[in-house]
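Here's the structure we're looking at; comments come further down.
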Amino acid sequence: MATIDITTVRAPMRILGFRWPFHGVIANGVIGFLLFFVFLAIFGEFISPYAPNRVGVGPALAPPSPQFWFGTDGLGRDQLSRVIASTRPALLSATEAVSLALVVGLAIGIAAGYLGGWWDGALSRIMDLLFAFPEYLLAILVVAVLGSGLTNVAIGVGIICIPRFARAARSATMEVISRGYVEAAVLAGRSRAWIMWRHVLPNIASPLLVMTAITLSTAEGAYASLAFLGFGERPPTADLGSMISAAQPYMTTNPFTVLFPAAVFVVLVLAFNVLGDVLRDLLDPRARPELARSIR
Amino acid sequence: MFGYVLKRLSSSTLIILALSAIVFITTRTLLSGNEATSLAGPKASAADVAAIAHKLGLDQPIVFQYLGWLSRAVRGDFGVSPLSGQSNSDLIAQQAPISLELAVFSLVITVAIGIPIGVLTAGSSGKRSDWGTRIPLLVAFAIPGFVSGALLLLVATRYVPALYSAVYIPFGDDPLGNLQMMFLPALSVGIPTSALIAQMTRSSMLEVLSQPHIATARTHGIPEWKVKYVYALKASLPPILTLVGVVFGLLIGSLFITEDIFSLPGLGRGVLDAISNRDVGALEAQVVVMAALFILGNLIVDIVIPMVDRRIVRD
């Protein structure tokens with residue numbers, strides 16, 4: 001237990017003057033992989049072999065071949081092009097949902113933790129109420145009210161992710177405000193808003209960063225699930241969830257129509273989860289007692 | 001202990017009450033369309049819709065509507081759907097057992113797979129940063145219900161037809177047949193959640209195994225299996241149980257997907273149907289019952305945890 005892992009302490013690599021914090025194949029691999037997906041989401045249309053929505057570029061339900069790497073779907077559309085095109089709604093929905101949850105959740109959590117008293121009671125009760133809904137149920141109700149579509153589903157998914165950020169931010173804030181520098185700022189006559197923004201927020205950032213990565217994967221899964229149920233992007237727009245649900249009848253004749261979008265989706269969710277684990281290893285000293293001891 | 005249970009019980013009741021008010025008022029005011037517009041059809045004039053709404057009592061002030069609904073709902077009467085002519089309470093009585101069975105069955109599978117895997121992987125390597133065991137668990141966790149469900153359905157229809165049934169078999173008619181057909185749906189949602197439980201079991205076990213009382217037990221010559229599976233596992237249970245409550249919520253939430261794929265007539269499908277038909281009365285009943293099931297599950301977890309870990313009650 002007391003052995004010190006020397007191999008993990010290495011001279012840091014620098015990129016543009018910034019210390020590159022990630023070590024190891026897994027950490028760098030997953031970041032490279034996610035950057036590749038971001039590239040596909042932005043520039044995918046320029047490298048995809050066919051127009052993703054063009055019907056009949058090949059025979060229907062063709063198996064993978066040099067011409068159609070991922071095969072074709074029931075309408076003879078190129079699956080590879082559709083999978084590439086679907087990375088945009090996938091990443092966009094997850095980013096929108098998590099941004100919403102992060103901003104609102106942080107605001108609620110910091111306010112509840114810092115102001116305490118009546119504010120804390122009221123805000124915490126509201127969060128309890130949001131937590132009391134089974135996750136997808138609340139998202140589906142929100143989408144039923146707002147209507148289908150990427151942004152509306154992202155709002156629904158974002159709302160179900162608010163309470164976890166709020167709770168994490170609240171407990172981290174309560175830990176931070178007992179420290180000397182917050183007291184010093186109060187004595188220096190700083191306003192409460194200033195203290196929350198300049199002293200509390202930066203000091204609770206690291207646990208929330210881990211949560212952000214993991215919530216990206218949750219949001220990704222929730223969006224795809226709702227798209228699978230038919231609430232996402234309107235067809236013919238390529239979208240992982242709706243592609244899988246549309247391909248289900250063909251599963252026995254050509255399983256590749258389900259397998260490729262499913263695999264891409266699983267890998268994407270996995271990448272966010274691994275990113276969360278990598279960040280936790282990096283930011284939470286308790287998660288790697290050996291290295292933490294070696295640094296002190 | 002009794003006071004603690006009472007406190008939990010009353011706060012759960014309050015949450016269900018508040019939730020029912022929010023659901024009722026939002027679905028009645030924000031949702032576009034209701035039973036009246038569905039009955040009148042797309043070509044009806046506004047006056048026709050208003051007349052039907054008046055007949056159904058939908059034009060009354062929302063607070064009166066809610067209080068009337070609530071006073072009947074607490075007696076188990078959710079009204080009659082003007083669209084299907086069916087009593088909503090009967091509808092719930094048909095759907096809820098299916099959903100509850102699915103959720104409990106998948107919870108059993110989750111725990112039965114997750115905890116042993118977590119214990120085994122915690123035992124095989126003492127290191128926390130062992131990607132060899134972390135990656136497979138993360139992969140399993142990343143598989144969503146609609147992918148595992150679709151794949152299991154494909155495998156079942158081809159190779160194990162006994163596990164697939166196109167129609168729902170009620171438990172009362174044929175218990176074995178019912179469990180057989182519920183196995184795949186339960187497994188499809190149980191795979192990712194069991195990975196979650198395994199992860200938690202693993203990290204909780206690793207934490208406990210480094211504690212002094214474990215070292216003491218070892219120096220006393222207690223066999224290693226007993227140290228691990230009796231002493232360490234028992235001490236690592238509280239965080240696992242807390243997660244079981246979370247997992248139960250995930251399972252209730254995944255009912256929508258599972259019931260859709262395996263065509264099970266439960267609450268999840270009912271909610272989706274009620275939304276598309278704008279059968280708001282049925283929707284409210286189903287949503288409130290679904291949320292109540294989830295809250296009840298968490299209440300049970302909240303009551304069980306202090307029995308395992310006495311420190312909780314004191315807080």
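In the structure tokens, chains take letters A, B, ... by order of appearance, with residues numbered from 1 within each chain and ligands from 1 in the order shown.
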When the cut-off is 6 Å and we count only C-alpha atoms, which residues of chain A are near chain B, given as an MDAnalysis selection string? chainID A and resid 133:136 145 266 269:270
All helix (DSSP H, G or I) residues (DSSP, backbone) inside range 65-276 of chain B, as a PyMOL selection string: chain B and resi 65-73+88-124+131-142+145-159+161-163+175-209+212-219+224-235+237-253+255-261+267-276
Shortest contact to Lys55 in chain B, candidates B:Lys7, B:Val247, B:Pro82, B:Asn178, atoms counted only C-alpha atoms, goes to B:Pro82
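Neighbouring residues of range 110-117 of chain A at 7 Å or closer, counting only C-alpha atoms and skipping chain neighbours under 3 positions away, are Leu106, Ala107, Asp120, Gly121, Leu123, Ala169, Arg170, Ser171, Thr173 and Met174 of chain A.
We find CA of Ala73 in chain B and CA of Gly245 in chain B to be spaced 26.2 Å apart.
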Which residues, written as a PyMOL selection string, have at least one atom at most 8 Å from Val49 in chain B, with only C-alpha atoms counted and residues fewer than 4 positions away on the same chain left out? chain B and resi 36-37+40+44-45+53
Same residues, N, CA and C atoms, saved as a PDB file, in the first residue's frame:
```
ATOM      1  N   ALA B  36     -60.689  17.268 -24.755  1.00  0.00           N
ATOM      2  CA  ALA B  36     -61.709  17.947 -25.544  1.00  0.00           C
ATOM      3  C   ALA B  36     -61.274  18.110 -27.002  1.00  0.00           C
ATOM      4  N   THR B  37     -60.023  18.573 -27.217  1.00  0.00           N
ATOM      5  CA  THR B  37     -59.566  18.760 -28.593  1.00  0.00           C
ATOM      6  C   THR B  37     -59.442  17.419 -29.304  1.00  0.00           C
ATOM      7  N   ALA B  40     -63.010  16.295 -30.188  1.00  0.00           N
ATOM      8  CA  ALA B  40     -63.619  17.128 -31.219  1.00  0.00           C
ATOM      9  C   ALA B  40     -62.993  16.883 -32.585  1.00  0.00           C
ATOM     10  N   ALA B  44     -62.711  20.552 -35.868  1.00  0.00           N
ATOM     11  CA  ALA B  44     -63.762  21.167 -35.058  1.00  0.00           C
ATOM     12  C   ALA B  44     -63.514  22.658 -34.852  1.00  0.00           C
ATOM     13  N   SER B  45     -64.609  23.406 -34.695  1.00  0.00           N
ATOM     14  CA  SER B  45     -64.470  24.839 -34.426  1.00  0.00           C
ATOM     15  C   SER B  45     -64.166  25.040 -32.940  1.00  0.00           C
ATOM     16  N   ALA B  53     -65.316  20.774 -23.727  1.00  0.00           N
ATOM     17  CA  ALA B  53     -64.521  21.069 -22.530  1.00  0.00           C
ATOM     18  C   ALA B  53     -65.432  21.401 -21.361  1.00  0.00           C
TER      19      ALA B  53
END
```
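Residues in contact with Ala168 in chain A at 8 Å, where only C-alpha atoms are counted and same-chain residues fewer than 2 positions away are skipped, are listed as Gly109, Arg164, Phe165, Ala166, Arg170, Ser171, Ala172, Pro207 and Leu208 of chain A.
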Could you write out that same residue set with all heavy atoms as a PDB file, in the first residue's frame?
```
ATOM      1  N   GLY A 109     -26.856  25.881  -6.762  1.00  0.00           N
ATOM      2  CA  GLY A 109     -26.049  25.236  -5.732  1.00  0.00           C
ATOM      3  C   GLY A 109     -25.221  26.230  -4.947  1.00  0.00           C
ATOM      4  O   GLY A 109     -25.169  26.169  -3.712  1.00  0.00           O
ATOM      5  N   ARG A 164     -28.270  17.314  -9.909  1.00  0.00           N
ATOM      6  CA  ARG A 164     -26.984  16.737  -9.502  1.00  0.00           C
ATOM      7  C   ARG A 164     -25.896  17.799  -9.423  1.00  0.00           C
ATOM      8  O   ARG A 164     -25.074  17.791  -8.513  1.00  0.00           O
ATOM      9  CB  ARG A 164     -26.580  15.607 -10.442  1.00  0.00           C
ATOM     10  CG  ARG A 164     -26.457  16.043 -11.886  1.00  0.00           C
ATOM     11  CD  ARG A 164     -25.832  14.964 -12.721  1.00  0.00           C
ATOM     12  NE  ARG A 164     -26.832  14.021 -13.195  1.00  0.00           N
ATOM     13  CZ  ARG A 164     -26.518  12.919 -13.872  1.00  0.00           C
ATOM     14  NH1 ARG A 164     -25.272  12.647 -14.123  1.00  0.00           N
ATOM     15  NH2 ARG A 164     -27.456  12.128 -14.303  1.00  0.00           N
ATOM     16  N   PHE A 165     -25.910  18.776 -10.366  1.00  0.00           N
ATOM     17  CA  PHE A 165     -24.937  19.865 -10.295  1.00  0.00           C
ATOM     18  C   PHE A 165     -25.215  20.739  -9.076  1.00  0.00           C
ATOM     19  O   PHE A 165     -24.306  21.161  -8.382  1.00  0.00           O
ATOM     20  CB  PHE A 165     -24.998  20.727 -11.562  1.00  0.00           C
ATOM     21  CG  PHE A 165     -24.294  20.116 -12.733  1.00  0.00           C
ATOM     22  CD1 PHE A 165     -24.995  19.683 -13.836  1.00  0.00           C
ATOM     23  CD2 PHE A 165     -22.915  19.970 -12.732  1.00  0.00           C
ATOM     24  CE1 PHE A 165     -24.354  19.113 -14.911  1.00  0.00           C
ATOM     25  CE2 PHE A 165     -22.259  19.410 -13.806  1.00  0.00           C
ATOM     26  CZ  PHE A 165     -22.981  18.973 -14.900  1.00  0.00           C
ATOM     27  N   ALA A 166     -26.515  20.997  -8.854  1.00  0.00           N
ATOM     28  CA  ALA A 166     -26.868  21.859  -7.730  1.00  0.00           C
ATOM     29  C   ALA A 166     -26.397  21.249  -6.418  1.00  0.00           C
ATOM     30  O   ALA A 166     -25.813  21.931  -5.570  1.00  0.00           O
ATOM     31  CB  ALA A 166     -28.381  22.092  -7.711  1.00  0.00           C
ATOM     32  N   ARG A 170     -23.562  22.797  -4.097  1.00  0.00           N
ATOM     33  CA  ARG A 170     -23.952  23.228  -2.759  1.00  0.00           C
ATOM     34  C   ARG A 170     -22.986  22.674  -1.711  1.00  0.00           C
ATOM     35  O   ARG A 170     -22.466  23.410  -0.872  1.00  0.00           O
ATOM     36  CB  ARG A 170     -25.379  22.777  -2.466  1.00  0.00           C
ATOM     37  CG  ARG A 170     -25.833  23.087  -1.072  1.00  0.00           C
ATOM     38  CD  ARG A 170     -27.278  22.675  -0.873  1.00  0.00           C
ATOM     39  NE  ARG A 170     -27.673  22.829   0.501  1.00  0.00           N
ATOM     40  CZ  ARG A 170     -27.540  21.879   1.433  1.00  0.00           C
ATOM     41  NH1 ARG A 170     -27.015  20.718   1.099  1.00  0.00           N
ATOM     42  NH2 ARG A 170     -27.908  22.096   2.661  1.00  0.00           N
ATOM     43  N   SER A 171     -22.731  21.355  -1.778  1.00  0.00           N
ATOM     44  CA  SER A 171     -21.879  20.797  -0.724  1.00  0.00           C
ATOM     45  C   SER A 171     -20.444  21.290  -0.861  1.00  0.00           C
ATOM     46  O   SER A 171     -19.782  21.542   0.141  1.00  0.00           O
ATOM     47  CB  SER A 171     -21.949  19.271  -0.722  1.00  0.00           C
ATOM     48  OG  SER A 171     -21.496  18.767  -1.935  1.00  0.00           O
ATOM     49  N   ALA A 172     -19.964  21.471  -2.108  1.00  0.00           N
ATOM     50  CA  ALA A 172     -18.605  21.989  -2.284  1.00  0.00           C
ATOM     51  C   ALA A 172     -18.516  23.422  -1.786  1.00  0.00           C
ATOM     52  O   ALA A 172     -17.525  23.821  -1.172  1.00  0.00           O
ATOM     53  CB  ALA A 172     -18.199  21.908  -3.749  1.00  0.00           C
ATOM     54  N   PRO A 207     -14.308  19.316  -8.672  1.00  0.00           N
ATOM     55  CA  PRO A 207     -15.293  18.219  -8.635  1.00  0.00           C
ATOM     56  C   PRO A 207     -16.367  18.386  -9.693  1.00  0.00           C
ATOM     57  O   PRO A 207     -16.892  17.398 -10.214  1.00  0.00           O
ATOM     58  CB  PRO A 207     -15.887  18.314  -7.228  1.00  0.00           C
ATOM     59  CG  PRO A 207     -15.564  19.655  -6.732  1.00  0.00           C
ATOM     60  CD  PRO A 207     -14.290  20.047  -7.398  1.00  0.00           C
ATOM     61  N   LEU A 208     -16.690  19.641 -10.026  1.00  0.00           N
ATOM     62  CA  LEU A 208     -17.754  19.860 -11.002  1.00  0.00           C
ATOM     63  C   LEU A 208     -17.302  19.524 -12.418  1.00  0.00           C
ATOM     64  O   LEU A 208     -18.103  19.158 -13.264  1.00  0.00           O
ATOM     65  CB  LEU A 208     -18.245  21.297 -10.912  1.00  0.00           C
ATOM     66  CG  LEU A 208     -19.104  21.450  -9.668  1.00  0.00           C
ATOM     67  CD1 LEU A 208     -19.177  22.874  -9.210  1.00  0.00           C
ATOM     68  CD2 LEU A 208     -20.495  20.898  -9.920  1.00  0.00           C
TER      69      LEU A 208
END
```
Set the distance at 9 Å and use only C-alpha atoms: which residues neighbour Gly58 in chain A once local chain neighbours fewer than 2 positions away are removed? I'd like the list as a PyMOL selection string. chain A and resi 55-56+60-62+68+71-72+75-78
